[in-house]
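A.B. asks: Next comes the structure file model26.csv, holding CSV, C-alpha atoms.
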```csv
chain,number,residue,atom,x,y,z
A,1,MET,CA,100.7,73.0,70.9
A,2,GLU,CA,97.3,73.1,72.6
A,3,VAL,CA,96.8,75.9,75.1
A,4,LEU,CA,95.1,74.5,78.2
A,5,MET,CA,92.3,76.6,79.6
A,6,PRO,CA,91.9,76.8,83.3
A,7,SER,CA,89.0,75.0,84.8
A,8,TYR,CA,88.9,77.3,87.8
A,9,SER,CA,89.4,80.9,86.6
A,10,VAL,CA,90.9,83.4,88.9
A,11,THR,CA,90.9,86.9,87.4
A,12,ASP,CA,90.7,89.5,90.2
A,13,ILE,CA,93.9,88.6,92.0
A,14,GLU,CA,95.0,91.3,94.5
A,15,PRO,CA,98.6,91.5,95.7
A,16,PHE,CA,99.1,89.5,98.8
A,17,ASN,CA,98.6,91.5,102.0
A,18,SER,CA,100.2,89.7,105.0
A,19,TYR,CA,98.2,91.9,107.3
A,20,VAL,CA,95.1,90.1,106.2
A,21,GLY,CA,96.6,86.7,106.9
A,22,LEU,CA,97.1,87.5,110.6
A,23,ASN,CA,93.4,87.7,111.2
A,24,SER,CA,91.8,85.4,108.7
A,25,ALA,CA,91.5,81.9,107.5
A,26,LEU,CA,93.5,81.6,104.2
A,27,LEU,CA,93.5,78.7,101.7
A,28,TRP,CA,97.0,78.6,100.2
A,29,VAL,CA,97.5,77.2,96.7
A,30,LEU,CA,101.3,76.7,96.3
A,31,HIS,CA,102.6,76.0,92.8
A,32,ALA,CA,99.3,77.3,91.4
A,33,ASP,CA,100.7,77.0,87.9
A,34,LYS,CA,101.5,73.3,88.3
A,35,ILE,CA,99.5,70.1,88.0
A,36,PRO,CA,98.6,69.3,90.7
A,37,PRO,CA,99.2,72.3,93.0
A,38,HIS,CA,99.8,71.9,96.7
A,39,ILE,CA,97.5,73.3,99.3
A,40,GLY,CA,97.7,74.5,102.9
A,41,LEU,CA,95.5,76.4,105.3
A,42,SER,CA,96.4,79.2,107.7
A,43,TYR,CA,94.5,80.8,110.5
A,44,ASN,CA,95.6,83.6,112.8
A,45,GLY,CA,98.9,83.8,111.0
A,46,LEU,CA,99.8,80.0,111.4
A,47,PHE,CA,100.1,77.7,108.5
A,48,TYR,CA,99.2,74.0,108.3
A,49,SER,CA,100.0,71.6,105.4
A,50,LEU,CA,100.2,67.9,104.9
A,51,LYS,CA,103.2,66.8,102.7
A,52,ALA,CA,104.9,63.7,101.4
A,53,ASN,CA,107.7,64.2,103.9
A,54,GLY,CA,105.6,65.2,106.9
A,55,LYS,CA,103.6,68.2,107.7
A,56,ASP,CA,103.7,71.9,108.5
A,57,GLU,CA,102.0,72.6,111.8
A,58,GLY,CA,101.7,76.1,113.2
A,59,VAL,CA,104.4,77.6,110.9
A,60,SER,CA,104.3,81.4,110.8
A,61,ILE,CA,103.0,82.7,107.5
A,62,GLU,CA,105.9,85.2,107.6
A,63,SER,CA,108.2,82.1,107.2
A,64,LEU,CA,106.0,80.7,104.5
A,65,ILE,CA,106.0,84.0,102.6
A,66,GLU,CA,109.8,84.2,102.8
A,67,ILE,CA,110.2,80.7,101.3
A,68,VAL,CA,107.5,81.4,98.6
A,69,ASN,CA,109.3,84.6,97.6
A,70,ARG,CA,112.8,83.2,97.8
A,71,ARG,CA,111.9,80.3,95.6
A,72,ARG,CA,109.5,82.4,93.4
A,73,ILE,CA,106.7,79.9,94.0
A,74,SER,CA,103.5,80.9,92.1
A,75,THR,CA,101.0,81.1,95.0
A,76,LEU,CA,97.3,82.0,95.3
A,77,CYS,CA,95.8,82.7,98.6
A,78,PHE,CA,92.0,82.7,99.1
A,79,GLU,CA,90.8,84.7,102.1
A,80,LEU,CA,87.9,82.7,103.5
A,81,ASN,CA,84.9,84.1,105.3
A,82,SER,CA,83.8,80.7,106.6
A,83,SER,CA,84.1,80.0,110.3
A,84,VAL,CA,87.3,78.2,111.1
A,85,GLU,CA,88.7,77.6,114.6
A,86,SER,CA,92.3,77.0,115.6
A,87,ASP,CA,91.3,73.9,117.6
A,88,SER,CA,89.6,72.2,114.7
A,89,ILE,CA,92.7,72.8,112.5
A,90,ILE,CA,95.1,71.5,115.1
A,91,LYS,CA,92.9,68.5,115.8
A,92,GLU,CA,92.5,67.6,112.2
A,93,PHE,CA,96.2,67.9,111.3
A,94,ARG,CA,97.1,65.7,114.3
A,95,ARG,CA,95.2,62.9,112.7
A,96,PHE,CA,97.8,62.6,109.9
A,97,ASP,CA,101.6,62.2,109.7
A,98,ARG,CA,102.1,62.8,106.0
A,99,THR,CA,100.4,62.2,102.6
A,100,ILE,CA,100.2,58.6,101.4
A,101,PRO,CA,99.8,57.8,97.7
A,102,ASN,CA,96.3,56.4,96.8
A,103,GLU,CA,95.1,57.2,100.4
A,104,ILE,CA,95.8,60.6,101.9
A,105,THR,CA,96.4,63.8,100.0
A,106,CYS,CA,97.1,67.4,101.2
A,107,LEU,CA,93.4,68.1,100.6
A,108,ILE,CA,91.9,65.7,103.2
A,109,PRO,CA,92.5,67.6,106.4
A,110,ILE,CA,91.6,70.9,104.8
A,111,LYS,CA,88.3,69.7,103.3
A,112,ASN,CA,87.4,68.2,106.7
A,113,VAL,CA,88.2,71.5,108.5
A,114,LEU,CA,86.2,73.5,106.0
A,115,ASN,CA,83.3,71.0,106.1
A,116,HIS,CA,83.4,70.2,102.4
A,117,LYS,CA,84.1,66.5,102.6
A,118,SER,CA,82.8,65.7,99.2
A,119,ALA,CA,85.6,67.5,97.4
A,120,SER,CA,88.1,65.1,95.8
A,121,LYS,CA,90.4,67.8,94.4
A,122,LEU,CA,91.2,71.4,94.8
A,123,ILE,CA,89.0,72.7,92.0
A,124,GLU,CA,86.0,71.0,93.5
A,125,LEU,CA,86.7,72.5,96.9
A,126,LEU,CA,87.1,76.0,95.4
A,127,LYS,CA,83.7,75.6,93.6
A,128,LEU,CA,82.0,74.5,96.8
A,129,LEU,CA,83.5,77.4,98.7
A,130,GLU,CA,82.4,79.8,95.9
A,131,GLU,CA,78.9,78.3,95.8
A,132,ASN,CA,78.5,78.9,99.5
A,133,ASP,CA,79.9,82.4,99.3
A,134,GLU,CA,82.9,81.5,101.5
A,135,ILE,CA,85.6,83.2,99.4
A,136,GLU,CA,86.2,86.8,100.3
A,137,ARG,CA,88.9,87.4,97.8
A,138,ALA,CA,92.0,86.0,96.0
A,139,MET,CA,95.5,87.3,96.5
A,140,GLY,CA,98.7,86.3,94.8
A,141,LEU,CA,102.4,86.0,95.2
A,142,ASN,CA,104.7,85.5,92.2
A,143,ILE,CA,101.7,85.1,89.9
A,144,GLU,CA,102.5,85.7,86.2
A,145,LYS,CA,100.4,88.4,84.4
A,146,ASP,CA,99.0,85.8,82.0
A,147,PHE,CA,97.8,83.5,84.8
A,148,GLY,CA,94.2,82.8,84.2
A,149,GLY,CA,93.4,80.1,86.8
A,150,ILE,CA,94.0,76.7,88.1
A,151,GLN,CA,94.3,73.9,85.5
A,152,ASP,CA,92.1,70.9,85.8
A,153,TYR,CA,93.6,67.5,86.6
A,154,ASP,CA,92.3,64.2,87.8
A,155,VAL,CA,92.8,62.5,91.1
A,156,ALA,CA,95.2,60.0,89.5
A,157,ALA,CA,97.6,62.9,88.8
A,158,ILE,CA,97.6,63.7,92.5
A,159,HIS,CA,98.5,60.1,93.5
A,160,ALA,CA,101.1,59.9,90.7
A,161,ARG,CA,102.8,63.0,92.1
A,162,LEU,CA,102.6,61.6,95.6
A,163,LYS,CA,104.2,58.3,94.5
A,164,ASN,CA,107.0,60.3,92.8
A,165,LEU,CA,107.6,62.3,96.0
A,166,ASP,CA,107.4,59.2,98.1
A,167,LYS,CA,110.6,57.6,96.5
```
Mind turning the file's structure into structure tokens?

C.D. replies:
Amino acid sequence: MEVLMPSYSVTDIEPFNSYVGLNSALLWVLHADKIPPHIGLSYNGLFYSLKANGKDEGVSIESLIEIVNRRRISTLCFELNSSVESDSIIKEFRRFDRTIPNEITCLIPIKNVLNHKSASKLIELLKLLEENDEIERAMGLNIEKDFGGIQDYDVAAIHARLKNLDK
């Protein structure tokens, strides 16, 4: 069996510190060990995410962490040092009701808020954030010791997953 190499390596993963999340913008990668993962954004302790069955708007990160830990969801959290405002997050997420296969993914409102509209998948967004020195650090919850990073996937895999969830 071929071992897949991550296309976005994450090696210096600190344990998650919820204290940080209350005062920072955080890019959340839920199911970081899956293809494709799911992403969300939090700011000032409130989480936003676009999903197949709706969206999370202003959910406390304490509630999110409780679910992540209870379900043992492999999660990466990137603390961002880019300027993000609550108003821009709220405004952007209000534009959408849910993901739509072949049209709207969980990435779209996040890349718009972070002003990296050219990204078509998570790895591209992370590389843009890194190139612009917008990632302060990576933190993890339920990350296995042998986790090396996020596996590559194509946009078709995202839409195939959304179609499956849309049933």

A.B. asks: Using all atoms listed in the file, which residues sit within 7 Å of stretch 78-88 of chain A once same-chain residues fewer than 2 positions away are excluded, as a list in words?

C.D. replies: Ser24, Ala25, Leu26, Leu27, Trp28, Tyr43, Leu76, Ile90, Lys91, Glu92, Val113, Glu134, Ile135, Glu136, Arg137, Ala138 and Met139 of chain A

A.B. asks: Interatomic distance between atom CA of A:Ile13 and atom CA of A:Gly149?

C.D. replies: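 Value for the atom CA of A:Ile13-atom CA of A:Gly149 distance: 10.0 Å.
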
A.B. asks: List as an NGL selection string the protein and nucleic acid residues near A:Ser18, meaning an atom at most 9 Å away when only C-alpha atoms are counted, but skip any in the same chain fewer than 3 places from it.

C.D. replies: :A and (21-22 or 45 or 61-62 or 65)

A.B. asks: I'd like to know which of A:Lys51, A:Arg72, A:Leu125, A:His31 is closest to A:Asn112, using all atoms listed in the file.

C.D. replies: A:Leu125

A.B. asks: With all atoms listed in the file as the basis for distance, which of A:Thr11, A:Leu64, A:Ile73, A:Ile35 is at the shortest distance from A:Leu141?

C.D. replies: A:Ile73

A.B. asks: Which residue out of A:Ser7, A:Asn44, A:Lys111, A:Arg71 has the minimum interatomic distance to A:Val20 when only C-alpha atoms are used?

C.D. replies: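 Looking at the shortest contact to A:Val20, the residue is A:Asn44.
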
A.B. asks: Work out how far atom CA of A:Tyr8 is from atom CA of A:Glu130, in Å to one decimal.

C.D. replies: 10.7 Å

A.B. asks: How many Å lie between atom CA of A:Arg95 and atom CA of A:Asn132, rounded to one decimal?

C.D. replies: 26.6 Å

A.B. asks: Using all atoms listed in the file, what does the table of stretch 2-51 of chain A residues within 9 Å of stretch 99-106 of chain A look like, with each row giving the shortest atom pair and its distance in Å to one decimal, sorted by chain and ascending number, as a Markdown table?

C.D. replies:
```
| residue | atom | partner | partner_atom | distance |
| --- | --- | --- | --- | --- |
| A:His38 | CA | A:Cys106 | CA | 6.9 |
| A:Ile39 | CA | A:Cys106 | CA | 6.2 |
| A:Gly40 | CA | A:Cys106 | CA | 7.3 |
| A:Ser49 | CA | A:Cys106 | CA | 6.6 |
| A:Leu50 | CA | A:Cys106 | CA | 4.9 |
| A:Lys51 | CA | A:Thr99 | CA | 5.4 |
```
